[in-house]
>>> print(open('work37.csv').read())   # CSV, N, CA, C and O atoms
chain,number,residue,atom,x,y,z
A,7,MET,N,10.7,-11.0,-3.1
A,7,MET,CA,9.7,-10.5,-2.2
A,7,MET,C,8.5,-10.0,-2.9
A,7,MET,O,8.6,-9.2,-3.9
A,8,ALA,N,7.3,-10.4,-2.5
A,8,ALA,CA,6.1,-9.9,-3.1
A,8,ALA,C,5.7,-8.6,-2.5
A,8,ALA,O,6.2,-8.2,-1.5
A,9,ALA,N,4.9,-7.8,-3.2
A,9,ALA,CA,4.4,-6.5,-2.7
A,9,ALA,C,3.7,-6.8,-1.4
A,9,ALA,O,3.1,-7.8,-1.2
A,10,LYS,N,3.7,-5.8,-0.5
A,10,LYS,CA,3.1,-5.9,0.8
A,10,LYS,C,2.1,-4.8,1.0
A,10,LYS,O,2.5,-3.6,0.7
A,11,VAL,N,1.0,-5.1,1.5
A,11,VAL,CA,-0.1,-4.0,1.8
A,11,VAL,C,-0.4,-4.1,3.3
A,11,VAL,O,-0.7,-5.1,3.8
A,12,GLU,N,-0.3,-2.9,3.9
A,12,GLU,CA,-0.7,-2.8,5.3
A,12,GLU,C,-1.8,-1.7,5.5
A,12,GLU,O,-1.7,-0.6,4.9
A,13,PHE,N,-2.7,-2.0,6.3
A,13,PHE,CA,-3.9,-1.1,6.6
A,13,PHE,C,-3.7,-0.6,8.0
A,13,PHE,O,-3.5,-1.3,8.9
A,14,PHE,N,-4.0,0.7,8.1
A,14,PHE,CA,-3.9,1.4,9.4
A,14,PHE,C,-5.3,1.9,9.7
A,14,PHE,O,-5.8,2.7,9.0
A,15,ARG,N,-5.9,1.5,10.8
A,15,ARG,CA,-7.2,2.0,11.2
A,15,ARG,C,-7.2,3.4,11.6
A,15,ARG,O,-6.4,3.8,12.5
A,16,VAL,N,-8.0,4.3,10.9
A,16,VAL,CA,-8.0,5.7,11.2
A,16,VAL,C,-9.4,6.2,11.5
A,16,VAL,O,-9.6,7.4,11.5
A,17,GLY,N,-10.3,5.3,11.6
A,17,GLY,CA,-11.7,5.7,11.9
A,17,GLY,C,-12.6,5.5,10.7
A,17,GLY,O,-13.0,4.4,10.4
A,18,ASN,N,-12.8,6.5,9.9
A,18,ASN,CA,-13.7,6.4,8.7
A,18,ASN,C,-12.8,5.9,7.5
A,18,ASN,O,-12.3,6.7,6.8
A,19,GLY,N,-12.7,4.6,7.3
A,19,GLY,CA,-11.8,4.1,6.3
A,19,GLY,C,-10.5,3.8,6.8
A,19,GLY,O,-10.2,3.9,8.0
A,20,ASP,N,-9.6,3.4,6.0
A,20,ASP,CA,-8.2,3.0,6.4
A,20,ASP,C,-7.2,3.8,5.7
A,20,ASP,O,-7.4,4.3,4.6
A,21,MET,N,-6.0,4.0,6.3
A,21,MET,CA,-4.8,4.5,5.6
A,21,MET,C,-4.1,3.3,5.1
A,21,MET,O,-4.0,2.3,5.9
A,22,THR,N,-3.5,3.3,3.9
A,22,THR,CA,-2.9,2.1,3.4
A,22,THR,C,-1.5,2.4,3.0
A,22,THR,O,-1.2,3.4,2.3
A,23,LEU,N,-0.5,1.5,3.3
A,23,LEU,CA,0.8,1.6,2.9
A,23,LEU,C,1.1,0.4,2.0
A,23,LEU,O,1.0,-0.7,2.5
A,24,VAL,N,1.5,0.7,0.8
A,24,VAL,CA,1.9,-0.4,-0.1
A,24,VAL,C,3.4,-0.3,-0.3
A,24,VAL,O,4.0,0.7,-0.6
A,25,THR,N,4.1,-1.5,-0.1
A,25,THR,CA,5.5,-1.6,-0.3
A,25,THR,C,5.7,-2.6,-1.5
A,25,THR,O,5.3,-3.7,-1.4
A,26,PHE,N,6.3,-2.1,-2.6
A,26,PHE,CA,6.4,-2.9,-3.8
A,26,PHE,C,7.7,-3.7,-3.7
A,26,PHE,O,8.6,-3.5,-2.8
A,27,GLU,N,7.8,-4.7,-4.6
A,27,GLU,CA,9.0,-5.6,-4.6
A,27,GLU,C,10.3,-4.8,-4.7
A,27,GLU,O,11.3,-5.2,-4.1
A,28,SER,N,10.2,-3.7,-5.3
A,28,SER,CA,11.4,-2.8,-5.5
A,28,SER,C,11.8,-2.1,-4.2
A,28,SER,O,12.9,-1.5,-4.1
A,29,GLY,N,10.9,-2.1,-3.2
A,29,GLY,CA,11.2,-1.4,-2.0
A,29,GLY,C,10.5,0.0,-2.0
A,29,GLY,O,10.5,0.6,-1.0
A,30,LYS,N,10.0,0.4,-3.1
A,30,LYS,CA,9.3,1.7,-3.2
A,30,LYS,C,8.0,1.6,-2.4
A,30,LYS,O,7.4,0.6,-2.3
A,31,THR,N,7.6,2.8,-1.9
A,31,THR,CA,6.4,2.8,-1.1
A,31,THR,C,5.4,3.8,-1.6
A,31,THR,O,5.7,4.8,-2.2
A,32,LEU,N,4.1,3.4,-1.4
A,32,LEU,CA,3.0,4.3,-1.8
A,32,LEU,C,2.1,4.4,-0.6
A,32,LEU,O,1.6,3.4,0.0
A,33,LEU,N,1.8,5.6,-0.1
A,33,LEU,CA,0.9,5.8,1.0
A,33,LEU,C,-0.4,6.3,0.4
A,33,LEU,O,-0.4,7.3,-0.3
A,34,ILE,N,-1.5,5.7,0.8
A,34,ILE,CA,-2.9,6.1,0.3
A,34,ILE,C,-3.7,6.5,1.4
A,34,ILE,O,-3.8,5.9,2.4
A,35,ASP,N,-4.4,7.7,1.2
A,35,ASP,CA,-5.3,8.3,2.2
A,35,ASP,C,-4.6,8.5,3.6
A,35,ASP,O,-5.0,7.9,4.6
A,36,CYS,N,-3.6,9.3,3.6
A,36,CYS,CA,-3.0,9.6,4.9
A,36,CYS,C,-3.9,10.4,5.8
A,36,CYS,O,-4.5,11.4,5.4
A,37,HIS,N,-4.2,9.9,7.0
A,37,HIS,CA,-5.1,10.5,7.9
A,37,HIS,C,-4.5,10.3,9.3
A,37,HIS,O,-4.7,9.3,9.9
A,38,ILE,N,-3.8,11.3,9.8
A,38,ILE,CA,-3.2,11.3,11.1
A,38,ILE,C,-4.0,12.2,12.0
A,38,ILE,O,-4.1,13.4,11.7
A,39,ARG,N,-4.6,11.6,13.0
A,39,ARG,CA,-5.5,12.4,13.9
A,39,ARG,C,-4.8,13.0,15.1
A,39,ARG,O,-4.1,12.3,15.8
A,40,LYS,N,-5.1,14.2,15.4
A,40,LYS,CA,-4.5,14.9,16.5
A,40,LYS,C,-4.9,14.2,17.9
A,40,LYS,O,-4.1,14.2,18.8
A,41,LYS,N,-6.1,13.6,17.9
A,41,LYS,CA,-6.5,13.0,19.1
A,41,LYS,C,-5.6,11.9,19.6
A,41,LYS,O,-5.5,11.5,20.7
A,42,ALA,N,-4.8,11.3,18.6
A,42,ALA,CA,-3.9,10.2,19.0
A,42,ALA,C,-2.8,10.7,19.9
A,42,ALA,O,-2.2,9.9,20.6
A,43,ASP,N,-2.6,12.0,20.0
A,43,ASP,CA,-1.6,12.5,20.9
A,43,ASP,C,-2.1,12.6,22.4
A,43,ASP,O,-1.3,12.8,23.3
A,44,ASP,N,-3.4,12.4,22.5
A,44,ASP,CA,-4.0,12.5,23.9
A,44,ASP,C,-3.9,11.1,24.5
A,44,ASP,O,-4.6,10.2,24.1
A,45,PRO,N,-3.1,11.0,25.6
A,45,PRO,CA,-3.0,9.7,26.2
A,45,PRO,C,-4.3,9.1,26.8
A,45,PRO,O,-4.4,7.9,27.1
A,46,GLU,N,-5.3,10.0,27.0
A,46,GLU,CA,-6.6,9.5,27.6
A,46,GLU,C,-7.6,9.2,26.5
A,46,GLU,O,-8.7,8.8,26.8
A,47,ASP,N,-7.2,9.3,25.2
A,47,ASP,CA,-8.1,9.0,24.1
A,47,ASP,C,-7.6,7.7,23.5
A,47,ASP,O,-6.4,7.5,23.4
A,48,ASP,N,-8.5,6.8,23.0
A,48,ASP,CA,-8.0,5.5,22.4
A,48,ASP,C,-7.8,5.6,20.9
A,48,ASP,O,-7.7,4.5,20.3
A,49,THR,N,-7.7,6.8,20.3
A,49,THR,CA,-7.4,6.9,18.9
A,49,THR,C,-6.1,6.3,18.6
A,49,THR,O,-5.1,6.7,19.3
A,50,PRO,N,-6.0,5.4,17.6
A,50,PRO,CA,-4.7,4.8,17.3
A,50,PRO,C,-3.6,5.8,16.9
A,50,PRO,O,-4.0,6.7,16.1
A,51,ASP,N,-2.4,5.6,17.3
A,51,ASP,CA,-1.3,6.5,16.9
A,51,ASP,C,-0.7,6.0,15.6
A,51,ASP,O,0.3,5.3,15.6
A,52,VAL,N,-1.4,6.2,14.5
A,52,VAL,CA,-0.9,5.7,13.2
A,52,VAL,C,0.3,6.4,12.7
A,52,VAL,O,1.1,5.8,12.0
A,53,ALA,N,0.6,7.6,13.2
A,53,ALA,CA,1.9,8.3,12.8
A,53,ALA,C,3.1,7.4,13.3
A,53,ALA,O,4.0,7.2,12.6
A,54,ALA,N,3.0,7.0,14.6
A,54,ALA,CA,4.1,6.2,15.2
A,54,ALA,C,4.2,4.9,14.4
A,54,ALA,O,5.3,4.4,14.1
A,55,GLN,N,3.0,4.2,14.2
A,55,GLN,CA,3.0,3.0,13.5
A,55,GLN,C,3.6,3.1,12.1
A,55,GLN,O,4.4,2.2,11.6
A,56,LEU,N,3.3,4.2,11.4
A,56,LEU,CA,3.8,4.4,10.1
A,56,LEU,C,5.3,4.7,10.1
A,56,LEU,O,6.1,4.1,9.3
A,57,LYS,N,5.8,5.5,11.0
A,57,LYS,CA,7.2,5.8,11.1
A,57,LYS,C,8.0,4.6,11.3
A,57,LYS,O,9.2,4.5,10.8
A,58,ASP,N,7.5,3.6,12.0
A,58,ASP,CA,8.2,2.3,12.3
A,58,ASP,C,8.4,1.5,11.0
A,58,ASP,O,9.3,0.7,10.9
A,59,ARG,N,7.6,1.8,10.0
A,59,ARG,CA,7.7,1.0,8.7
A,59,ARG,C,8.4,1.7,7.6
A,59,ARG,O,8.6,1.1,6.6
A,60,LEU,N,8.6,3.0,7.7
A,60,LEU,CA,9.1,3.8,6.6
A,60,LEU,C,10.7,3.8,6.5
A,60,LEU,O,11.3,3.7,7.6
A,61,LYS,N,11.2,4.0,5.3
A,61,LYS,CA,12.6,4.2,5.1
A,61,LYS,C,12.9,5.6,5.6
A,61,LYS,O,12.0,6.4,5.7
A,62,THR,N,14.2,5.9,5.8
A,62,THR,CA,14.6,7.2,6.2
A,62,THR,C,15.7,7.7,5.2
A,62,THR,O,16.4,6.9,4.6
A,63,ASP,N,15.8,9.0,5.1
A,63,ASP,CA,16.8,9.6,4.2
A,63,ASP,C,18.1,9.8,4.9
A,63,ASP,O,18.2,9.3,6.1
A,64,GLY,N,19.1,10.4,4.3
A,64,GLY,CA,20.4,10.6,4.9
A,64,GLY,C,20.4,11.3,6.2
A,64,GLY,O,21.4,11.3,7.0
A,65,GLU,N,19.3,12.1,6.5
A,65,GLU,CA,19.2,12.9,7.7
A,65,GLU,C,18.3,12.3,8.7
A,65,GLU,O,17.9,12.9,9.7
A,66,GLY,N,17.9,11.0,8.5
A,66,GLY,CA,17.0,10.3,9.4
A,66,GLY,C,15.5,10.6,9.3
A,66,GLY,O,14.8,10.2,10.2
A,67,ARG,N,15.1,11.3,8.3
A,67,ARG,CA,13.7,11.7,8.1
A,67,ARG,C,12.9,10.6,7.4
A,67,ARG,O,13.4,10.1,6.3
A,68,PRO,N,11.8,10.1,8.0
A,68,PRO,CA,11.0,9.1,7.3
A,68,PRO,C,10.4,9.7,6.0
A,68,PRO,O,10.1,10.9,5.9
A,69,TYR,N,10.2,8.8,5.0
A,69,TYR,CA,9.6,9.3,3.7
A,69,TYR,C,8.9,8.1,3.0
A,69,TYR,O,9.2,6.9,3.3
A,70,VAL,N,8.0,8.5,2.1
A,70,VAL,CA,7.4,7.6,1.2
A,70,VAL,C,7.8,8.0,-0.2
A,70,VAL,O,8.1,9.2,-0.4
A,71,ASP,N,7.8,7.1,-1.2
A,71,ASP,CA,8.1,7.5,-2.5
A,71,ASP,C,7.0,8.2,-3.3
A,71,ASP,O,7.2,9.0,-4.1
A,72,ALA,N,5.8,7.8,-2.9
A,72,ALA,CA,4.6,8.5,-3.6
A,72,ALA,C,3.4,8.5,-2.6
A,72,ALA,O,3.3,7.6,-1.7
A,73,MET,N,2.5,9.4,-2.8
A,73,MET,CA,1.4,9.6,-1.9
A,73,MET,C,0.2,9.8,-2.8
A,73,MET,O,0.2,10.6,-3.7
A,74,LEU,N,-0.9,9.1,-2.5
A,74,LEU,CA,-2.2,9.3,-3.1
A,74,LEU,C,-3.2,9.7,-2.1
A,74,LEU,O,-3.5,8.9,-1.2
A,75,ASN,N,-3.8,10.8,-2.2
A,75,ASN,CA,-4.8,11.3,-1.2
A,75,ASN,C,-6.1,11.4,-1.7
A,75,ASN,O,-6.4,11.7,-2.8
>>> encode(input="work37.csv", output="structure tokens")
Amino acid sequence: MAAKVEFFRVGNGDMTLVTFESGKTLLIDCHIRKKADDPEDDTPDVAAQLKDRLKTDGEGRPYVDAMLN
């Protein structure tokens, strides 16, 4: 499997999730906006999108292996 790069639209720039061949993950520029919780606002819910893609630990908590902000 080749490395995979996913971009999440967060407004000014993108948040990026890199998944390497080893399965390790790197999250770059994490930007989760509170407006996304408002059902009347069209701000993308990148937190939910990200959680769908992350591994979880033994207690079901999503995580990344490294973060660059």
>>> select_by_dssp(input="work37.csv", residues="chain A", states="strand (DSSP E or B)", output="list of chain:residue names")
A:Lys10, A:Val11, A:Glu12, A:Phe13, A:Phe14, A:Arg15, A:Asp20, A:Met21, A:Thr22, A:Leu23, A:Val24, A:Thr25, A:Thr31, A:Leu32, A:Leu33, A:Ile34, A:Lys61, A:Thr62, A:Pro68, A:Tyr69, A:Ala72, A:Met73, A:Leu74
>>> select_by_dssp(input="work37.csv", residues="region 8-70 of chain A", states="helix (DSSP H, G or I)", output="VMD selection string")
chain A and resid 40 to 43 52 to 59
>>> atom_distance(input="work37.csv", atom1="CA of Arg39 (chain A)", atom2="CA of Glu27 (chain A)")
29.6 Å
>>> atom_distance(input="work37.csv", atom1="atom C of Phe13 (chain A)", atom2="atom O of Gln55 (chain A)")
9.3 Å
>>> closest_residue(input="work37.csv", among="A:Leu33, A:Thr49, A:Thr62, A:Ile38", to="Leu74 (chain A)", atoms="all atoms listed in the file")
A:Leu33
>>> atom_distance(input="work37.csv", atom1="CA of Asp48 (chain A)", atom2="CA of Gly66 (chain A)")
28.6 Å
>>> closest_residue(input="work37.csv", among="A:Glu12, A:Asp35, A:Leu56, A:Pro45", to="Tyr69 (chain A)", atoms="only C-alpha atoms")
A:Leu56
>>> residues_around(input="work37.csv", residues="Leu32 (chain A)", least_positions_apart="6", cutoff="5 Å", atoms="only N, CA, C and O atoms", output="list of chain:residue names")
A:Thr22, A:Leu23, A:Val24, A:Ala72
>>> write_last_selection(input="work37.csv", atoms="N, CA, C and O atoms", output="PDB file, in the coordinates of the input")
ATOM      1  N   THR A  22      -3.500   3.300   3.900  1.00  0.00           N
ATOM      2  CA  THR A  22      -2.900   2.100   3.400  1.00  0.00           C
ATOM      3  C   THR A  22      -1.500   2.400   3.000  1.00  0.00           C
ATOM      4  O   THR A  22      -1.200   3.400   2.300  1.00  0.00           O
ATOM      5  N   LEU A  23      -0.500   1.500   3.300  1.00  0.00           N
ATOM      6  CA  LEU A  23       0.800   1.600   2.900  1.00  0.00           C
ATOM      7  C   LEU A  23       1.100   0.400   2.000  1.00  0.00           C
ATOM      8  O   LEU A  23       1.000  -0.700   2.500  1.00  0.00           O
ATOM      9  N   VAL A  24       1.500   0.700   0.800  1.00  0.00           N
ATOM     10  CA  VAL A  24       1.900  -0.400  -0.100  1.00  0.00           C
ATOM     11  C   VAL A  24       3.400  -0.300  -0.300  1.00  0.00           C
ATOM     12  O   VAL A  24       4.000   0.700  -0.600  1.00  0.00           O
ATOM     13  N   ALA A  72       5.800   7.800  -2.900  1.00  0.00           N
ATOM     14  CA  ALA A  72       4.600   8.500  -3.600  1.00  0.00           C
ATOM     15  C   ALA A  72       3.400   8.500  -2.600  1.00  0.00           C
ATOM     16  O   ALA A  72       3.300   7.600  -1.700  1.00  0.00           O
TER      17      ALA A  72
END
>>> closest_residue(input="work37.csv", among="A:Ala54, A:Met73, A:His37, A:Gly29", to="Ala8 (chain A)", atoms="all atoms listed in the file")
A:Gly29
>>> decode(input="work37.csv", residues="region 47-61 of chain A", atoms="all heavy atoms", output="mmCIF file, in the first residue's frame")
data_model
loop_
_atom_site.group_PDB
_atom_site.id
_atom_site.type_symbol
_atom_site.label_atom_id
_atom_site.label_comp_id
_atom_site.auth_asym_id
_atom_site.auth_seq_id
_atom_site.Cartn_x
_atom_site.Cartn_y
_atom_site.Cartn_z
ATOM 1 N N ASP A 47 -25.257 26.118 10.337
ATOM 2 C CA ASP A 47 -24.061 26.659 9.710
ATOM 3 C C ASP A 47 -23.503 25.603 8.757
ATOM 4 O O ASP A 47 -23.569 24.407 9.034
ATOM 5 C CB ASP A 47 -23.019 26.999 10.787
ATOM 6 C CG ASP A 47 -21.880 27.821 10.253
ATOM 7 O OD1 ASP A 47 -21.060 27.284 9.486
ATOM 8 O OD2 ASP A 47 -21.808 29.007 10.599
ATOM 9 N N ASP A 48 -22.966 26.023 7.613
ATOM 10 C CA ASP A 48 -22.473 25.063 6.628
ATOM 11 C C ASP A 48 -20.979 24.733 6.791
ATOM 12 O O ASP A 48 -20.372 24.137 5.910
ATOM 13 C CB ASP A 48 -22.762 25.544 5.208
ATOM 14 C CG ASP A 48 -22.033 26.833 4.859
ATOM 15 O OD1 ASP A 48 -21.441 27.461 5.753
ATOM 16 O OD2 ASP A 48 -22.072 27.216 3.672
ATOM 17 N N THR A 49 -20.401 25.067 7.941
ATOM 18 C CA THR A 49 -19.007 24.732 8.204
ATOM 19 C C THR A 49 -18.862 23.205 8.247
ATOM 20 O O THR A 49 -19.605 22.533 8.953
ATOM 21 C CB THR A 49 -18.555 25.328 9.563
ATOM 22 O OG1 THR A 49 -18.669 26.746 9.494
ATOM 23 C CG2 THR A 49 -17.129 24.949 9.883
ATOM 24 N N PRO A 50 -17.905 22.654 7.479
ATOM 25 C CA PRO A 50 -17.739 21.190 7.458
ATOM 26 C C PRO A 50 -17.376 20.636 8.838
ATOM 27 O O PRO A 50 -16.585 21.239 9.567
ATOM 28 C CB PRO A 50 -16.581 20.970 6.487
ATOM 29 C CG PRO A 50 -16.419 22.245 5.743
ATOM 30 C CD PRO A 50 -16.955 23.334 6.608
ATOM 31 N N ASP A 51 -17.932 19.488 9.173
ATOM 32 C CA ASP A 51 -17.634 18.826 10.441
ATOM 33 C C ASP A 51 -16.412 17.926 10.232
ATOM 34 O O ASP A 51 -16.524 16.711 10.089
ATOM 35 C CB ASP A 51 -18.840 18.020 10.916
ATOM 36 C CG ASP A 51 -18.644 17.437 12.299
ATOM 37 O OD1 ASP A 51 -17.538 17.590 12.873
ATOM 38 O OD2 ASP A 51 -19.592 16.819 12.811
ATOM 39 N N VAL A 52 -15.233 18.547 10.205
ATOM 40 C CA VAL A 52 -14.019 17.784 9.943
ATOM 41 C C VAL A 52 -13.673 16.856 11.102
ATOM 42 O O VAL A 52 -12.988 15.856 10.907
ATOM 43 C CB VAL A 52 -12.823 18.690 9.573
ATOM 44 C CG1 VAL A 52 -13.062 19.393 8.255
ATOM 45 C CG2 VAL A 52 -12.498 19.668 10.669
ATOM 46 N N ALA A 53 -14.135 17.156 12.310
ATOM 47 C CA ALA A 53 -13.886 16.262 13.447
ATOM 48 C C ALA A 53 -14.527 14.896 13.178
ATOM 49 O O ALA A 53 -13.894 13.857 13.376
ATOM 50 C CB ALA A 53 -14.421 16.862 14.737
ATOM 51 N N ALA A 54 -15.765 14.896 12.717
ATOM 52 C CA ALA A 54 -16.449 13.634 12.409
ATOM 53 C C ALA A 54 -15.770 12.924 11.240
ATOM 54 O O ALA A 54 -15.585 11.702 11.268
ATOM 55 C CB ALA A 54 -17.917 13.889 12.098
ATOM 56 N N GLN A 55 -15.381 13.681 10.221
ATOM 57 C CA GLN A 55 -14.702 13.093 9.067
ATOM 58 C C GLN A 55 -13.384 12.452 9.492
ATOM 59 O O GLN A 55 -13.041 11.346 9.051
ATOM 60 C CB GLN A 55 -14.434 14.155 8.003
ATOM 61 C CG GLN A 55 -15.678 14.743 7.380
ATOM 62 C CD GLN A 55 -15.359 15.956 6.511
ATOM 63 O OE1 GLN A 55 -14.239 16.151 6.069
ATOM 64 N NE2 GLN A 55 -16.360 16.783 6.282
ATOM 65 N N LEU A 56 -12.662 13.134 10.347
ATOM 66 C CA LEU A 56 -11.375 12.644 10.817
ATOM 67 C C LEU A 56 -11.549 11.391 11.670
ATOM 68 O O LEU A 56 -10.837 10.395 11.478
ATOM 69 C CB LEU A 56 -10.674 13.740 11.615
ATOM 70 C CG LEU A 56 -9.255 13.484 12.067
ATOM 71 C CD1 LEU A 56 -8.339 13.235 10.875
ATOM 72 C CD2 LEU A 56 -8.744 14.659 12.887
ATOM 73 N N LYS A 57 -12.498 11.403 12.587
ATOM 74 C CA LYS A 57 -12.738 10.239 13.455
ATOM 75 C C LYS A 57 -13.043 8.986 12.644
ATOM 76 O O LYS A 57 -12.661 7.884 13.033
ATOM 77 C CB LYS A 57 -13.881 10.519 14.426
ATOM 78 C CG LYS A 57 -13.492 11.430 15.555
ATOM 79 C CD LYS A 57 -14.680 11.705 16.466
ATOM 80 C CE LYS A 57 -14.362 12.754 17.492
ATOM 81 N NZ LYS A 57 -15.530 13.118 18.291
ATOM 82 N N ASP A 58 -13.726 9.149 11.508
ATOM 83 C CA ASP A 58 -14.051 8.007 10.650
ATOM 84 C C ASP A 58 -12.800 7.357 10.058
ATOM 85 O O ASP A 58 -12.834 6.208 9.655
ATOM 86 C CB ASP A 58 -14.968 8.435 9.499
ATOM 87 C CG ASP A 58 -16.383 8.733 9.954
ATOM 88 O OD1 ASP A 58 -16.759 8.319 11.074
ATOM 89 O OD2 ASP A 58 -17.105 9.403 9.189
ATOM 90 N N ARG A 59 -11.698 8.107 10.000
ATOM 91 C CA ARG A 59 -10.496 7.617 9.340
ATOM 92 C C ARG A 59 -9.391 7.167 10.307
ATOM 93 O O ARG A 59 -8.417 6.564 9.879
ATOM 94 C CB ARG A 59 -9.942 8.714 8.433
ATOM 95 C CG ARG A 59 -10.851 8.981 7.236
ATOM 96 C CD ARG A 59 -10.517 10.317 6.607
ATOM 97 N NE ARG A 59 -11.245 10.561 5.382
ATOM 98 C CZ ARG A 59 -12.502 10.979 5.311
ATOM 99 N NH1 ARG A 59 -13.196 11.186 6.412
ATOM 100 N NH2 ARG A 59 -13.069 11.206 4.153
ATOM 101 N N LEU A 60 -9.524 7.479 11.580
ATOM 102 C CA LEU A 60 -8.448 7.202 12.531
ATOM 103 C C LEU A 60 -8.567 5.826 13.170
ATOM 104 O O LEU A 60 -9.659 5.283 13.324
ATOM 105 C CB LEU A 60 -8.448 8.261 13.639
ATOM 106 C CG LEU A 60 -8.135 9.681 13.214
ATOM 107 C CD1 LEU A 60 -8.172 10.606 14.421
ATOM 108 C CD2 LEU A 60 -6.787 9.765 12.517
ATOM 109 N N LYS A 61 -7.402 5.302 13.577
ATOM 110 C CA LYS A 61 -7.368 4.075 14.366
ATOM 111 C C LYS A 61 -7.840 4.420 15.775
ATOM 112 O O LYS A 61 -7.856 5.585 16.166
ATOM 113 C CB LYS A 61 -5.940 3.532 14.442
ATOM 114 C CG LYS A 61 -5.337 3.205 13.098
ATOM 115 C CD LYS A 61 -3.881 2.816 13.251
ATOM 116 C CE LYS A 61 -3.052 4.072 13.493
ATOM 117 N NZ LYS A 61 -1.611 3.862 13.522
#
